[in-house]
file start_28.txt (compact mmCIF, N, CA and C atoms and all ligand atoms)
# COMPACT_ATOMS: atom_id res chain seq x y z
N MET A 1 -54.31 -51.15 -2.37
CA MET A 1 -53.22 -50.55 -1.60
C MET A 1 -51.90 -50.72 -2.37
N GLY A 2 -51.06 -49.71 -2.34
CA GLY A 2 -49.76 -49.79 -3.01
C GLY A 2 -48.64 -49.91 -1.99
N ARG A 3 -47.61 -50.64 -2.37
CA ARG A 3 -46.48 -50.83 -1.46
C ARG A 3 -45.28 -50.06 -1.96
N ILE A 4 -44.62 -49.37 -1.06
CA ILE A 4 -43.40 -48.67 -1.43
C ILE A 4 -42.32 -48.94 -0.38
N LEU A 5 -41.10 -49.00 -0.88
CA LEU A 5 -39.95 -49.26 -0.02
C LEU A 5 -39.21 -47.94 0.17
N ILE A 6 -39.08 -47.51 1.41
CA ILE A 6 -38.49 -46.21 1.73
C ILE A 6 -37.13 -46.43 2.37
N ARG A 7 -36.10 -45.85 1.75
CA ARG A 7 -34.73 -46.02 2.28
C ARG A 7 -34.22 -44.70 2.85
N PHE A 8 -33.88 -44.71 4.13
CA PHE A 8 -33.37 -43.52 4.80
C PHE A 8 -31.85 -43.63 4.94
N ASN A 9 -31.16 -42.53 4.70
CA ASN A 9 -29.71 -42.53 4.96
C ASN A 9 -29.46 -42.17 6.43
N GLU A 10 -28.20 -42.08 6.80
CA GLU A 10 -27.85 -41.87 8.20
C GLU A 10 -28.42 -40.57 8.75
N GLN A 11 -28.43 -39.54 7.92
CA GLN A 11 -28.96 -38.25 8.39
C GLN A 11 -30.48 -38.27 8.47
N GLN A 12 -31.11 -38.84 7.45
CA GLN A 12 -32.57 -38.82 7.40
C GLN A 12 -33.23 -39.66 8.49
N VAL A 13 -32.54 -40.70 8.93
CA VAL A 13 -33.18 -41.64 9.85
C VAL A 13 -33.50 -40.99 11.21
N SER A 14 -32.82 -39.90 11.53
CA SER A 14 -33.09 -39.23 12.80
C SER A 14 -34.15 -38.13 12.66
N GLU A 15 -34.65 -37.94 11.44
CA GLU A 15 -35.66 -36.89 11.21
C GLU A 15 -37.05 -37.52 11.12
N PRO A 16 -38.09 -36.80 11.58
CA PRO A 16 -39.46 -37.36 11.56
C PRO A 16 -40.13 -37.23 10.19
N ILE A 17 -39.44 -37.68 9.14
CA ILE A 17 -39.93 -37.44 7.78
C ILE A 17 -41.26 -38.16 7.53
N ALA A 18 -41.33 -39.43 7.89
CA ALA A 18 -42.56 -40.18 7.63
C ALA A 18 -43.73 -39.58 8.39
N SER A 19 -43.50 -39.20 9.63
CA SER A 19 -44.57 -38.61 10.44
C SER A 19 -45.07 -37.32 9.81
N GLN A 20 -44.14 -36.51 9.33
CA GLN A 20 -44.53 -35.24 8.69
C GLN A 20 -45.41 -35.49 7.48
N ILE A 21 -45.05 -36.49 6.68
CA ILE A 21 -45.81 -36.77 5.46
C ILE A 21 -47.20 -37.33 5.80
N ILE A 22 -47.25 -38.19 6.81
CA ILE A 22 -48.54 -38.74 7.24
C ILE A 22 -49.48 -37.61 7.67
N ILE A 23 -48.94 -36.65 8.43
CA ILE A 23 -49.77 -35.55 8.93
C ILE A 23 -50.13 -34.58 7.79
N GLU A 24 -49.12 -34.23 6.99
CA GLU A 24 -49.34 -33.24 5.94
C GLU A 24 -50.34 -33.72 4.89
N TYR A 25 -50.27 -34.98 4.52
CA TYR A 25 -51.14 -35.51 3.46
C TYR A 25 -52.34 -36.29 4.01
N LYS A 26 -52.40 -36.37 5.34
CA LYS A 26 -53.48 -37.14 5.98
C LYS A 26 -53.59 -38.53 5.36
N VAL A 27 -52.44 -39.19 5.21
CA VAL A 27 -52.41 -40.49 4.54
C VAL A 27 -52.18 -41.61 5.57
N PRO A 28 -53.04 -42.62 5.58
CA PRO A 28 -52.77 -43.77 6.44
C PRO A 28 -51.61 -44.56 5.84
N MET A 29 -50.64 -44.93 6.66
CA MET A 29 -49.45 -45.61 6.16
C MET A 29 -49.17 -46.81 7.07
N ALA A 30 -49.41 -48.00 6.55
CA ALA A 30 -49.19 -49.21 7.36
C ALA A 30 -47.76 -49.70 7.15
N ILE A 31 -47.02 -49.88 8.23
CA ILE A 31 -45.65 -50.38 8.13
C ILE A 31 -45.67 -51.90 8.12
N LEU A 32 -45.20 -52.51 7.03
CA LEU A 32 -45.21 -53.97 6.89
C LEU A 32 -43.91 -54.59 7.39
N SER A 33 -42.81 -53.88 7.20
CA SER A 33 -41.53 -54.36 7.74
C SER A 33 -40.60 -53.17 7.92
N ALA A 34 -39.65 -53.31 8.82
CA ALA A 34 -38.72 -52.21 9.07
C ALA A 34 -37.36 -52.78 9.48
N HIS A 35 -36.33 -52.27 8.85
CA HIS A 35 -34.96 -52.65 9.20
C HIS A 35 -34.17 -51.35 9.31
N ILE A 36 -34.08 -50.83 10.51
CA ILE A 36 -33.52 -49.50 10.70
C ILE A 36 -32.62 -49.47 11.93
N ASN A 37 -31.52 -48.75 11.82
CA ASN A 37 -30.72 -48.43 13.01
C ASN A 37 -30.20 -47.00 12.83
N ASN A 38 -29.26 -46.57 13.65
CA ASN A 38 -28.84 -45.17 13.58
C ASN A 38 -27.97 -44.87 12.36
N LYS A 39 -27.64 -45.88 11.57
CA LYS A 39 -26.89 -45.67 10.32
C LYS A 39 -27.81 -45.51 9.11
N GLY A 40 -29.11 -45.73 9.31
CA GLY A 40 -30.05 -45.68 8.20
C GLY A 40 -30.84 -46.97 8.14
N GLY A 41 -31.55 -47.17 7.03
CA GLY A 41 -32.30 -48.41 6.90
C GLY A 41 -33.49 -48.22 5.99
N GLU A 42 -34.38 -49.20 6.01
CA GLU A 42 -35.53 -49.14 5.10
C GLU A 42 -36.80 -49.63 5.79
N ILE A 43 -37.92 -49.08 5.35
CA ILE A 43 -39.22 -49.57 5.80
C ILE A 43 -40.09 -49.83 4.57
N LEU A 44 -40.86 -50.91 4.65
CA LEU A 44 -41.83 -51.23 3.60
C LEU A 44 -43.19 -50.79 4.12
N VAL A 45 -43.86 -49.91 3.36
CA VAL A 45 -45.16 -49.42 3.82
C VAL A 45 -46.22 -49.65 2.75
N GLU A 46 -47.46 -49.63 3.22
CA GLU A 46 -48.60 -49.78 2.33
C GLU A 46 -49.43 -48.50 2.45
N VAL A 47 -49.77 -47.93 1.30
CA VAL A 47 -50.58 -46.70 1.30
C VAL A 47 -51.74 -46.89 0.31
N PRO A 48 -52.83 -46.14 0.47
CA PRO A 48 -53.94 -46.26 -0.49
C PRO A 48 -53.47 -45.95 -1.91
N ASP A 49 -53.99 -46.70 -2.88
CA ASP A 49 -53.57 -46.52 -4.28
C ASP A 49 -53.63 -45.07 -4.74
N GLU A 50 -54.71 -44.38 -4.37
CA GLU A 50 -54.90 -43.01 -4.86
C GLU A 50 -53.90 -42.03 -4.25
N MET A 51 -53.22 -42.44 -3.17
CA MET A 51 -52.25 -41.56 -2.52
C MET A 51 -50.81 -41.92 -2.88
N GLU A 52 -50.61 -43.03 -3.58
CA GLU A 52 -49.27 -43.57 -3.77
C GLU A 52 -48.32 -42.57 -4.45
N LYS A 53 -48.78 -41.97 -5.56
CA LYS A 53 -47.90 -41.04 -6.29
C LYS A 53 -47.53 -39.84 -5.43
N LYS A 54 -48.51 -39.30 -4.71
CA LYS A 54 -48.24 -38.13 -3.86
C LYS A 54 -47.24 -38.47 -2.76
N VAL A 55 -47.40 -39.65 -2.18
CA VAL A 55 -46.50 -40.05 -1.09
C VAL A 55 -45.08 -40.24 -1.62
N ILE A 56 -44.96 -40.91 -2.75
CA ILE A 56 -43.63 -41.11 -3.36
C ILE A 56 -42.97 -39.77 -3.65
N GLN A 57 -43.76 -38.86 -4.23
CA GLN A 57 -43.22 -37.54 -4.55
C GLN A 57 -42.78 -36.80 -3.29
N ALA A 58 -43.59 -36.90 -2.24
CA ALA A 58 -43.28 -36.20 -0.99
C ALA A 58 -41.97 -36.70 -0.39
N PHE A 59 -41.78 -38.01 -0.40
CA PHE A 59 -40.51 -38.55 0.14
C PHE A 59 -39.34 -38.12 -0.75
N ARG A 60 -39.52 -38.20 -2.05
CA ARG A 60 -38.41 -37.85 -2.96
C ARG A 60 -38.04 -36.38 -2.84
N GLN A 61 -39.05 -35.53 -2.62
CA GLN A 61 -38.76 -34.10 -2.45
C GLN A 61 -37.89 -33.86 -1.22
N ARG A 62 -37.97 -34.77 -0.25
CA ARG A 62 -37.16 -34.65 0.96
C ARG A 62 -35.84 -35.43 0.82
N GLY A 63 -35.56 -35.90 -0.39
CA GLY A 63 -34.28 -36.57 -0.64
C GLY A 63 -34.24 -38.04 -0.27
N VAL A 64 -35.41 -38.62 0.06
CA VAL A 64 -35.45 -40.01 0.48
C VAL A 64 -35.58 -40.91 -0.75
N THR A 65 -34.87 -42.04 -0.73
CA THR A 65 -34.91 -42.97 -1.86
C THR A 65 -36.14 -43.87 -1.76
N ILE A 66 -36.91 -43.92 -2.85
CA ILE A 66 -38.14 -44.72 -2.88
C ILE A 66 -38.06 -45.72 -4.02
N THR A 67 -38.44 -46.96 -3.75
CA THR A 67 -38.58 -47.94 -4.83
C THR A 67 -39.88 -48.70 -4.61
N VAL A 68 -40.39 -49.27 -5.70
CA VAL A 68 -41.57 -50.14 -5.60
C VAL A 68 -41.04 -51.57 -5.55
N PRO A 69 -41.35 -52.32 -4.47
CA PRO A 69 -40.78 -53.67 -4.35
C PRO A 69 -41.20 -54.59 -5.49
N ARG A 70 -40.28 -55.47 -5.86
CA ARG A 70 -40.61 -56.47 -6.88
C ARG A 70 -41.40 -57.60 -6.23
N LEU A 71 -42.19 -58.29 -7.04
CA LEU A 71 -43.01 -59.39 -6.54
C LEU A 71 -42.27 -60.72 -6.69
N ILE A 72 -42.92 -61.77 -6.23
CA ILE A 72 -42.34 -63.10 -6.29
C ILE A 72 -42.98 -63.89 -7.44
N ASP A 73 -42.14 -64.60 -8.15
CA ASP A 73 -42.65 -65.49 -9.20
C ASP A 73 -41.94 -66.84 -9.05
N VAL A 74 -42.57 -67.88 -9.52
CA VAL A 74 -42.01 -69.22 -9.34
C VAL A 74 -41.93 -69.97 -10.67
N ASN A 75 -41.02 -70.90 -10.71
CA ASN A 75 -40.88 -71.77 -11.87
C ASN A 75 -41.55 -73.11 -11.52
N ILE A 76 -42.68 -73.34 -12.11
CA ILE A 76 -43.49 -74.52 -11.80
C ILE A 76 -42.69 -75.81 -11.94
N ASP A 77 -41.88 -75.89 -12.95
CA ASP A 77 -41.17 -77.14 -13.24
C ASP A 77 -40.04 -77.45 -12.25
N ARG A 78 -39.56 -76.43 -11.58
CA ARG A 78 -38.42 -76.65 -10.68
C ARG A 78 -38.84 -77.07 -9.28
N CYS A 79 -39.99 -76.62 -8.79
CA CYS A 79 -40.39 -76.88 -7.40
C CYS A 79 -40.60 -78.36 -7.14
N PHE A 80 -40.03 -78.86 -6.02
CA PHE A 80 -40.26 -80.25 -5.65
C PHE A 80 -40.90 -80.33 -4.27
N SER A 81 -41.62 -79.25 -3.89
CA SER A 81 -42.43 -79.22 -2.66
C SER A 81 -41.65 -79.61 -1.42
N CYS A 82 -40.46 -79.04 -1.26
CA CYS A 82 -39.66 -79.36 -0.08
C CYS A 82 -40.16 -78.63 1.16
N GLY A 83 -40.83 -77.51 0.98
CA GLY A 83 -41.39 -76.77 2.12
C GLY A 83 -40.46 -75.76 2.76
N THR A 84 -39.24 -75.62 2.24
CA THR A 84 -38.29 -74.67 2.82
C THR A 84 -38.85 -73.25 2.83
N CYS A 85 -39.43 -72.83 1.74
CA CYS A 85 -39.96 -71.47 1.65
C CYS A 85 -41.08 -71.25 2.67
N ILE A 86 -41.88 -72.28 2.89
CA ILE A 86 -42.99 -72.18 3.84
C ILE A 86 -42.45 -72.03 5.26
N ALA A 87 -41.43 -72.80 5.57
CA ALA A 87 -40.87 -72.76 6.92
C ALA A 87 -40.20 -71.42 7.23
N LEU A 88 -39.63 -70.78 6.23
CA LEU A 88 -38.85 -69.57 6.47
C LEU A 88 -39.62 -68.26 6.30
N CYS A 89 -40.73 -68.30 5.60
CA CYS A 89 -41.46 -67.05 5.33
C CYS A 89 -41.88 -66.38 6.65
N PRO A 90 -41.48 -65.13 6.87
CA PRO A 90 -41.77 -64.47 8.15
C PRO A 90 -43.22 -64.03 8.32
N VAL A 91 -43.99 -64.04 7.23
CA VAL A 91 -45.37 -63.53 7.33
C VAL A 91 -46.40 -64.56 6.89
N GLU A 92 -45.98 -65.82 6.80
CA GLU A 92 -46.88 -66.92 6.41
C GLU A 92 -47.60 -66.61 5.09
N ALA A 93 -46.81 -66.15 4.12
CA ALA A 93 -47.37 -65.84 2.81
C ALA A 93 -47.34 -67.04 1.87
N ILE A 94 -46.78 -68.17 2.31
CA ILE A 94 -46.69 -69.36 1.48
C ILE A 94 -47.24 -70.55 2.25
N ASN A 95 -48.00 -71.37 1.56
CA ASN A 95 -48.55 -72.58 2.18
C ASN A 95 -48.68 -73.68 1.14
N PHE A 96 -48.84 -74.92 1.62
CA PHE A 96 -49.22 -76.01 0.74
C PHE A 96 -50.74 -76.11 0.70
N ASP A 97 -51.31 -76.41 -0.46
CA ASP A 97 -52.73 -76.75 -0.49
C ASP A 97 -52.85 -78.27 -0.36
N LYS A 98 -54.06 -78.79 -0.51
CA LYS A 98 -54.29 -80.22 -0.29
C LYS A 98 -53.54 -81.10 -1.28
N GLU A 99 -53.19 -80.54 -2.41
CA GLU A 99 -52.48 -81.32 -3.44
C GLU A 99 -50.97 -81.12 -3.37
N ASN A 100 -50.49 -80.62 -2.23
CA ASN A 100 -49.07 -80.38 -2.06
C ASN A 100 -48.54 -79.36 -3.06
N THR A 101 -49.39 -78.41 -3.37
CA THR A 101 -49.01 -77.34 -4.26
C THR A 101 -48.71 -76.10 -3.44
N VAL A 102 -47.58 -75.47 -3.73
CA VAL A 102 -47.22 -74.25 -3.01
C VAL A 102 -48.10 -73.09 -3.48
N GLN A 103 -48.69 -72.40 -2.52
CA GLN A 103 -49.54 -71.26 -2.83
C GLN A 103 -48.96 -69.99 -2.19
N PHE A 104 -48.78 -68.96 -2.99
CA PHE A 104 -48.30 -67.68 -2.48
C PHE A 104 -49.48 -66.74 -2.28
N ASN A 105 -49.45 -66.03 -1.18
CA ASN A 105 -50.46 -65.01 -0.93
C ASN A 105 -49.83 -63.65 -1.23
N LYS A 106 -50.19 -63.09 -2.37
CA LYS A 106 -49.60 -61.83 -2.80
C LYS A 106 -49.86 -60.69 -1.84
N GLU A 107 -51.01 -60.74 -1.18
CA GLU A 107 -51.36 -59.66 -0.25
C GLU A 107 -50.43 -59.65 0.96
N LYS A 108 -50.00 -60.82 1.38
CA LYS A 108 -49.12 -60.90 2.56
C LYS A 108 -47.64 -60.74 2.20
N CYS A 109 -47.26 -61.20 1.03
CA CYS A 109 -45.83 -61.26 0.67
C CYS A 109 -45.18 -59.88 0.68
N LEU A 110 -43.97 -59.81 1.24
CA LEU A 110 -43.22 -58.56 1.34
C LEU A 110 -42.37 -58.31 0.10
N GLY A 111 -42.35 -59.25 -0.83
CA GLY A 111 -41.64 -59.08 -2.10
C GLY A 111 -40.14 -58.93 -1.93
N SER A 112 -39.54 -58.14 -2.82
CA SER A 112 -38.08 -58.05 -2.86
C SER A 112 -37.49 -57.39 -1.62
N SER A 113 -38.33 -56.77 -0.79
CA SER A 113 -37.78 -56.23 0.46
C SER A 113 -37.50 -57.34 1.46
N CYS A 114 -37.98 -58.54 1.15
CA CYS A 114 -37.71 -59.72 1.98
C CYS A 114 -36.82 -60.69 1.21
N SER A 115 -37.39 -61.37 0.23
CA SER A 115 -36.63 -62.29 -0.65
C SER A 115 -36.02 -63.49 0.06
N ILE A 116 -36.45 -63.78 1.28
CA ILE A 116 -35.88 -64.92 2.01
C ILE A 116 -36.11 -66.22 1.24
N CYS A 117 -37.32 -66.40 0.71
CA CYS A 117 -37.62 -67.64 0.01
C CYS A 117 -36.82 -67.75 -1.30
N VAL A 118 -36.57 -66.61 -1.92
CA VAL A 118 -35.80 -66.60 -3.17
C VAL A 118 -34.40 -67.14 -2.91
N ASP A 119 -33.79 -66.65 -1.85
CA ASP A 119 -32.42 -67.07 -1.52
C ASP A 119 -32.38 -68.50 -0.99
N ALA A 120 -33.46 -68.93 -0.32
CA ALA A 120 -33.42 -70.22 0.37
C ALA A 120 -33.84 -71.40 -0.51
N CYS A 121 -34.59 -71.17 -1.54
CA CYS A 121 -35.12 -72.28 -2.33
C CYS A 121 -33.99 -73.11 -2.93
N PRO A 122 -33.89 -74.38 -2.56
CA PRO A 122 -32.77 -75.20 -3.07
C PRO A 122 -32.88 -75.50 -4.55
N ALA A 123 -34.08 -75.33 -5.09
CA ALA A 123 -34.29 -75.62 -6.51
C ALA A 123 -34.19 -74.36 -7.37
N ARG A 124 -33.92 -73.21 -6.73
CA ARG A 124 -33.91 -71.93 -7.44
C ARG A 124 -35.20 -71.76 -8.26
N ALA A 125 -36.31 -72.11 -7.60
CA ALA A 125 -37.61 -72.06 -8.28
C ALA A 125 -38.30 -70.71 -8.11
N ILE A 126 -37.77 -69.87 -7.23
CA ILE A 126 -38.43 -68.60 -6.92
C ILE A 126 -37.54 -67.44 -7.34
N LYS A 127 -38.14 -66.44 -7.95
CA LYS A 127 -37.37 -65.26 -8.33
C LYS A 127 -38.25 -64.02 -8.12
N THR A 128 -37.63 -62.85 -8.16
CA THR A 128 -38.40 -61.62 -8.06
C THR A 128 -38.68 -61.09 -9.46
N VAL A 129 -39.84 -60.47 -9.60
CA VAL A 129 -40.24 -59.90 -10.88
C VAL A 129 -40.80 -58.50 -10.65
N LYS A 130 -40.88 -57.73 -11.71
CA LYS A 130 -41.47 -56.39 -11.61
C LYS A 130 -42.93 -56.50 -11.19
N PRO A 131 -43.49 -55.45 -10.54
CA PRO A 131 -44.85 -55.53 -10.03
C PRO A 131 -45.91 -55.93 -11.05
N ASN A 132 -45.69 -55.68 -12.33
CA ASN A 132 -46.69 -56.09 -13.31
C ASN A 132 -46.36 -57.45 -13.93
N GLY A 133 -45.40 -58.19 -13.30
CA GLY A 133 -45.07 -59.52 -13.78
C GLY A 133 -46.15 -60.51 -13.40
N ASN A 134 -46.06 -61.76 -13.89
CA ASN A 134 -47.08 -62.73 -13.52
C ASN A 134 -46.59 -63.58 -12.36
N ASN A 135 -47.53 -64.21 -11.64
CA ASN A 135 -47.21 -65.16 -10.61
C ASN A 135 -48.24 -66.29 -10.62
N ASN A 136 -48.33 -67.12 -9.70
CA ASN A 136 -47.88 -67.21 -8.34
C ASN A 136 -48.11 -68.58 -7.75
N GLN A 137 -48.10 -69.58 -8.52
CA GLN A 137 -48.44 -70.89 -8.02
C GLN A 137 -47.39 -71.91 -8.46
N VAL A 138 -47.05 -72.80 -7.58
CA VAL A 138 -46.09 -73.84 -7.95
C VAL A 138 -46.78 -75.19 -7.87
N LYS A 139 -46.96 -75.86 -8.97
CA LYS A 139 -47.57 -77.18 -8.94
C LYS A 139 -46.50 -78.25 -8.92
N LYS A 140 -46.74 -79.28 -8.14
CA LYS A 140 -45.78 -80.38 -8.10
C LYS A 140 -45.88 -81.16 -9.39
N SER A 141 -44.74 -81.38 -10.05
CA SER A 141 -44.79 -82.08 -11.33
C SER A 141 -44.61 -83.57 -11.13
S1 LIG B 1 -40.54 -73.21 -4.16
FE1 LIG B 1 -38.48 -73.98 -3.63
S2 LIG B 1 -38.34 -73.85 -1.38
FE2 LIG B 1 -40.52 -73.70 -1.95
S3 LIG B 1 -41.30 -75.80 -1.82
FE3 LIG B 1 -40.69 -75.43 -3.97
S4 LIG B 1 -38.56 -76.18 -4.08
FE4 LIG B 1 -39.03 -75.93 -1.89
S1 LIG B 2 -40.48 -62.90 -0.28
FE1 LIG B 2 -40.89 -65.08 0.19
S2 LIG B 2 -40.29 -65.31 2.35
FE2 LIG B 2 -40.50 -63.11 1.97
S3 LIG B 2 -42.62 -62.59 2.52
FE3 LIG B 2 -42.64 -63.08 0.33
S4 LIG B 2 -43.15 -65.25 0.21
FE4 LIG B 2 -42.50 -64.83 2.33
call {"tool": "encode", "arguments": {"input": "start_28.txt", "output": "structure tokens", "more": "lines below"}}
Ligand code: SF4
Ligand code: SF4
result
Amino acid sequence: MGRILIRFNEQQVSEPIASQIIIEYKVPMAILSAHINNKGGEILVEVPDEMEKKVIQAFRQRGVTITVPRLIDVNIDRCFSCGTCIALCPVEAINFDKENTVQFNKEKCLGSSCSICVDACPARAIKTVKPNGNNNQVKKS
């Protein structure tokens, strides 16, 4: 499944653009997060890999801004297992294993459309990277 971040402006947010694309392309689109009001906003969606390019093109043809969210990466040497990222993650994408090692679940993580852990980490051990970057484990040193 591919993830895309869809940004609607004030005019677009009142139009049924996503619904039209779902119907027209018969594409299942799972909404992972949404931050929208009458001024605009963004939704993070997941679509089948084979449909991703078509869906991106369809939104762009309608003038909607599309980006591919960046992933999370960590600096092993900086983490001191404080647990802040675990406490704040809205989708439980981070946990400690038995060795007090932080484990990220890439499937759950909302990436740069969230970034709460990136901003909150007191050690600045977490950063966002391009989707083909490496990740994802923090070992306690
Ligand atoms: S990655 Fe940062 S916030 Fe998370 S446990 Fe390590 S030091 Fe704490
Ligand atoms: S960016 Fe951090 S806080 Fe947000 S979902 Fe991913 S792991 Fe959780």
call {"tool": "residues_near_ligand", "arguments": {"input": "start_28.txt", "ligand": "ligand LIG 1 (chain B)", "cutoff": "6.5 Å", "atoms": "only N, CA and C atoms and all ligand atoms", "output": "list in words"}}
result
Arg78, Cys79, Phe80, Ser81, Cys82, Gly83, Thr84, Cys85, Ile86, Val102, Cys117, Ala120, Cys121, Pro122, Ala123, Arg124, Ala125 and Ile126 of chain A
call {"tool": "select_by_dssp", "arguments": {"input": "start_28.txt", "residues": "chain A", "states": "alpha helix (DSSP H)", "output": "count of residues only"}}
result
29
call {"tool": "residues_near_ligand", "arguments": {"input": "start_28.txt", "ligand": "ligand LIG 2 (chain B)", "cutoff": "5 Å", "atoms": "only N, CA and C atoms and all ligand atoms", "output": "PyMOL selection string"}}
result
chain A and resi 88-90+93+109-111+114-117
call {"tool": "write_last_selection", "arguments": {"input": "start_28.txt", "atoms": "N, CA and C atoms", "output": "PDB file, keeping the file's coordinate frame"}}
result
ATOM      1  N   LEU A  88     -39.630 -70.780   6.230  1.00  0.00           N
ATOM      2  CA  LEU A  88     -38.850 -69.570   6.470  1.00  0.00           C
ATOM      3  C   LEU A  88     -39.620 -68.260   6.300  1.00  0.00           C
ATOM      4  N   CYS A  89     -40.730 -68.300   5.600  1.00  0.00           N
ATOM      5  CA  CYS A  89     -41.460 -67.050   5.330  1.00  0.00           C
ATOM      6  C   CYS A  89     -41.880 -66.380   6.650  1.00  0.00           C
ATOM      7  N   PRO A  90     -41.480 -65.130   6.870  1.00  0.00           N
ATOM      8  CA  PRO A  90     -41.770 -64.470   8.150  1.00  0.00           C
ATOM      9  C   PRO A  90     -43.220 -64.030   8.320  1.00  0.00           C
ATOM     10  N   ALA A  93     -46.810 -66.150   4.120  1.00  0.00           N
ATOM     11  CA  ALA A  93     -47.370 -65.840   2.810  1.00  0.00           C
ATOM     12  C   ALA A  93     -47.340 -67.040   1.870  1.00  0.00           C
ATOM     13  N   CYS A 109     -47.260 -61.200   1.030  1.00  0.00           N
ATOM     14  CA  CYS A 109     -45.830 -61.260   0.670  1.00  0.00           C
ATOM     15  C   CYS A 109     -45.180 -59.880   0.680  1.00  0.00           C
ATOM     16  N   LEU A 110     -43.970 -59.810   1.240  1.00  0.00           N
ATOM     17  CA  LEU A 110     -43.220 -58.560   1.340  1.00  0.00           C
ATOM     18  C   LEU A 110     -42.370 -58.310   0.100  1.00  0.00           C
ATOM     19  N   GLY A 111     -42.350 -59.250  -0.830  1.00  0.00           N
ATOM     20  CA  GLY A 111     -41.640 -59.080  -2.100  1.00  0.00           C
ATOM     21  C   GLY A 111     -40.140 -58.930  -1.930  1.00  0.00           C
ATOM     22  N   CYS A 114     -37.980 -58.540   1.150  1.00  0.00           N
ATOM     23  CA  CYS A 114     -37.710 -59.720   1.980  1.00  0.00           C
ATOM     24  C   CYS A 114     -36.820 -60.690   1.210  1.00  0.00           C
ATOM     25  N   SER A 115     -37.390 -61.370   0.230  1.00  0.00           N
ATOM     26  CA  SER A 115     -36.630 -62.290  -0.650  1.00  0.00           C
ATOM     27  C   SER A 115     -36.020 -63.490   0.060  1.00  0.00           C
ATOM     28  N   ILE A 116     -36.450 -63.780   1.280  1.00  0.00           N
ATOM     29  CA  ILE A 116     -35.880 -64.920   2.010  1.00  0.00           C
ATOM     30  C   ILE A 116     -36.110 -66.220   1.240  1.00  0.00           C
ATOM     31  N   CYS A 117     -37.320 -66.400   0.710  1.00  0.00           N
ATOM     32  CA  CYS A 117     -37.620 -67.640   0.010  1.00  0.00           C
ATOM     33  C   CYS A 117     -36.820 -67.750  -1.300  1.00  0.00           C
TER      34      CYS A 117
END
call {"tool": "atom_distance", "arguments": {"input": "start_28.txt", "atom1": "atom N of Leu32 of chain A", "atom2": "atom N of Gln12 of chain A"}}
result
19.6 Å
call {"tool": "atom_distance", "arguments": {"input": "start_28.txt", "atom1": "atom C of Lys53 of chain A", "atom2": "atom N of Lys106 of chain A"}}
result
23.6 Å
call {"tool": "atom_distance", "arguments": {"input": "start_28.txt", "atom1": "atom CA of Ala87 of chain A", "atom2": "atom CA of Thr128 of chain A"}}
result
18.8 Å
call {"tool": "closest_residue", "arguments": {"input": "start_28.txt", "among": "A:Lys98, A:Arg60, A:Arg3, A:Lys26", "to": "Glu46 of chain A", "atoms": "all atoms listed in the file"}}
result
A:Arg3
call {"tool": "closest_residue", "arguments": {"input": "start_28.txt", "among": "A:Ala58, A:Ala34, A:Val68, A:Ile17", "to": "Gly2 of chain A", "atoms": "all atoms listed in the file"}}
result
A:Val68
call {"tool": "residues_around", "arguments": {"input": "start_28.txt", "residues": "Ser33 of chain A", "least_positions_apart": "6", "cutoff": "9 Å", "atoms": "only C-alpha atoms", "output": "ChimeraX atom specification"}}
result
/A:42-45,110,113-114
call {"tool": "build_atoms", "arguments": {"input": "start_28.txt", "residues": "segment 38-46 of chain A", "atoms": "N, CA, C and O atoms", "output": "JSON list (two decimals), in the frame of the given file"}}
result
[["chain", "number", "residue", "atom", "x", "y", "z"],
["A", 38, "ASN", "N", -29.26, -46.57, 13.65],
["A", 38, "ASN", "CA", -28.84, -45.17, 13.58],
["A", 38, "ASN", "C", -27.97, -44.87, 12.36],
["A", 38, "ASN", "O", -27.61, -43.72, 12.12],
["A", 39, "LYS", "N", -27.64, -45.88, 11.57],
["A", 39, "LYS", "CA", -26.89, -45.67, 10.32],
["A", 39, "LYS", "C", -27.81, -45.51, 9.11],
["A", 39, "LYS", "O", -27.37, -45.26, 8.00],
["A", 40, "GLY", "N", -29.11, -45.73, 9.31],
["A", 40, "GLY", "CA", -30.05, -45.68, 8.20],
["A", 40, "GLY", "C", -30.84, -46.97, 8.14],
["A", 40, "GLY", "O", -30.82, -47.77, 9.08],
["A", 41, "GLY", "N", -31.55, -47.17, 7.03],
["A", 41, "GLY", "CA", -32.30, -48.41, 6.90],
["A", 41, "GLY", "C", -33.49, -48.22, 5.99],
["A", 41, "GLY", "O", -33.60, -47.23, 5.26],
["A", 42, "GLU", "N", -34.38, -49.20, 6.01],
["A", 42, "GLU", "CA", -35.53, -49.14, 5.10],
["A", 42, "GLU", "C", -36.80, -49.63, 5.79],
["A", 42, "GLU", "O", -36.75, -50.48, 6.69],
["A", 43, "ILE", "N", -37.92, -49.08, 5.35],
["A", 43, "ILE", "CA", -39.22, -49.57, 5.80],
["A", 43, "ILE", "C", -40.09, -49.83, 4.57],
["A", 43, "ILE", "O", -40.02, -49.11, 3.58],
["A", 44, "LEU", "N", -40.86, -50.91, 4.65],
["A", 44, "LEU", "CA", -41.83, -51.23, 3.60],
["A", 44, "LEU", "C", -43.19, -50.79, 4.12],
["A", 44, "LEU", "O", -43.63, -51.23, 5.19],
["A", 45, "VAL", "N", -43.86, -49.91, 3.36],
["A", 45, "VAL", "CA", -45.16, -49.42, 3.82],
["A", 45, "VAL", "C", -46.22, -49.65, 2.75],
["A", 45, "VAL", "O", -45.92, -49.83, 1.56],
["A", 46, "GLU", "N", -47.46, -49.63, 3.22],
["A", 46, "GLU", "CA", -48.60, -49.78, 2.33],
["A", 46, "GLU", "C", -49.43, -48.50, 2.45],
["A", 46, "GLU", "O", -49.73, -48.07, 3.57]]
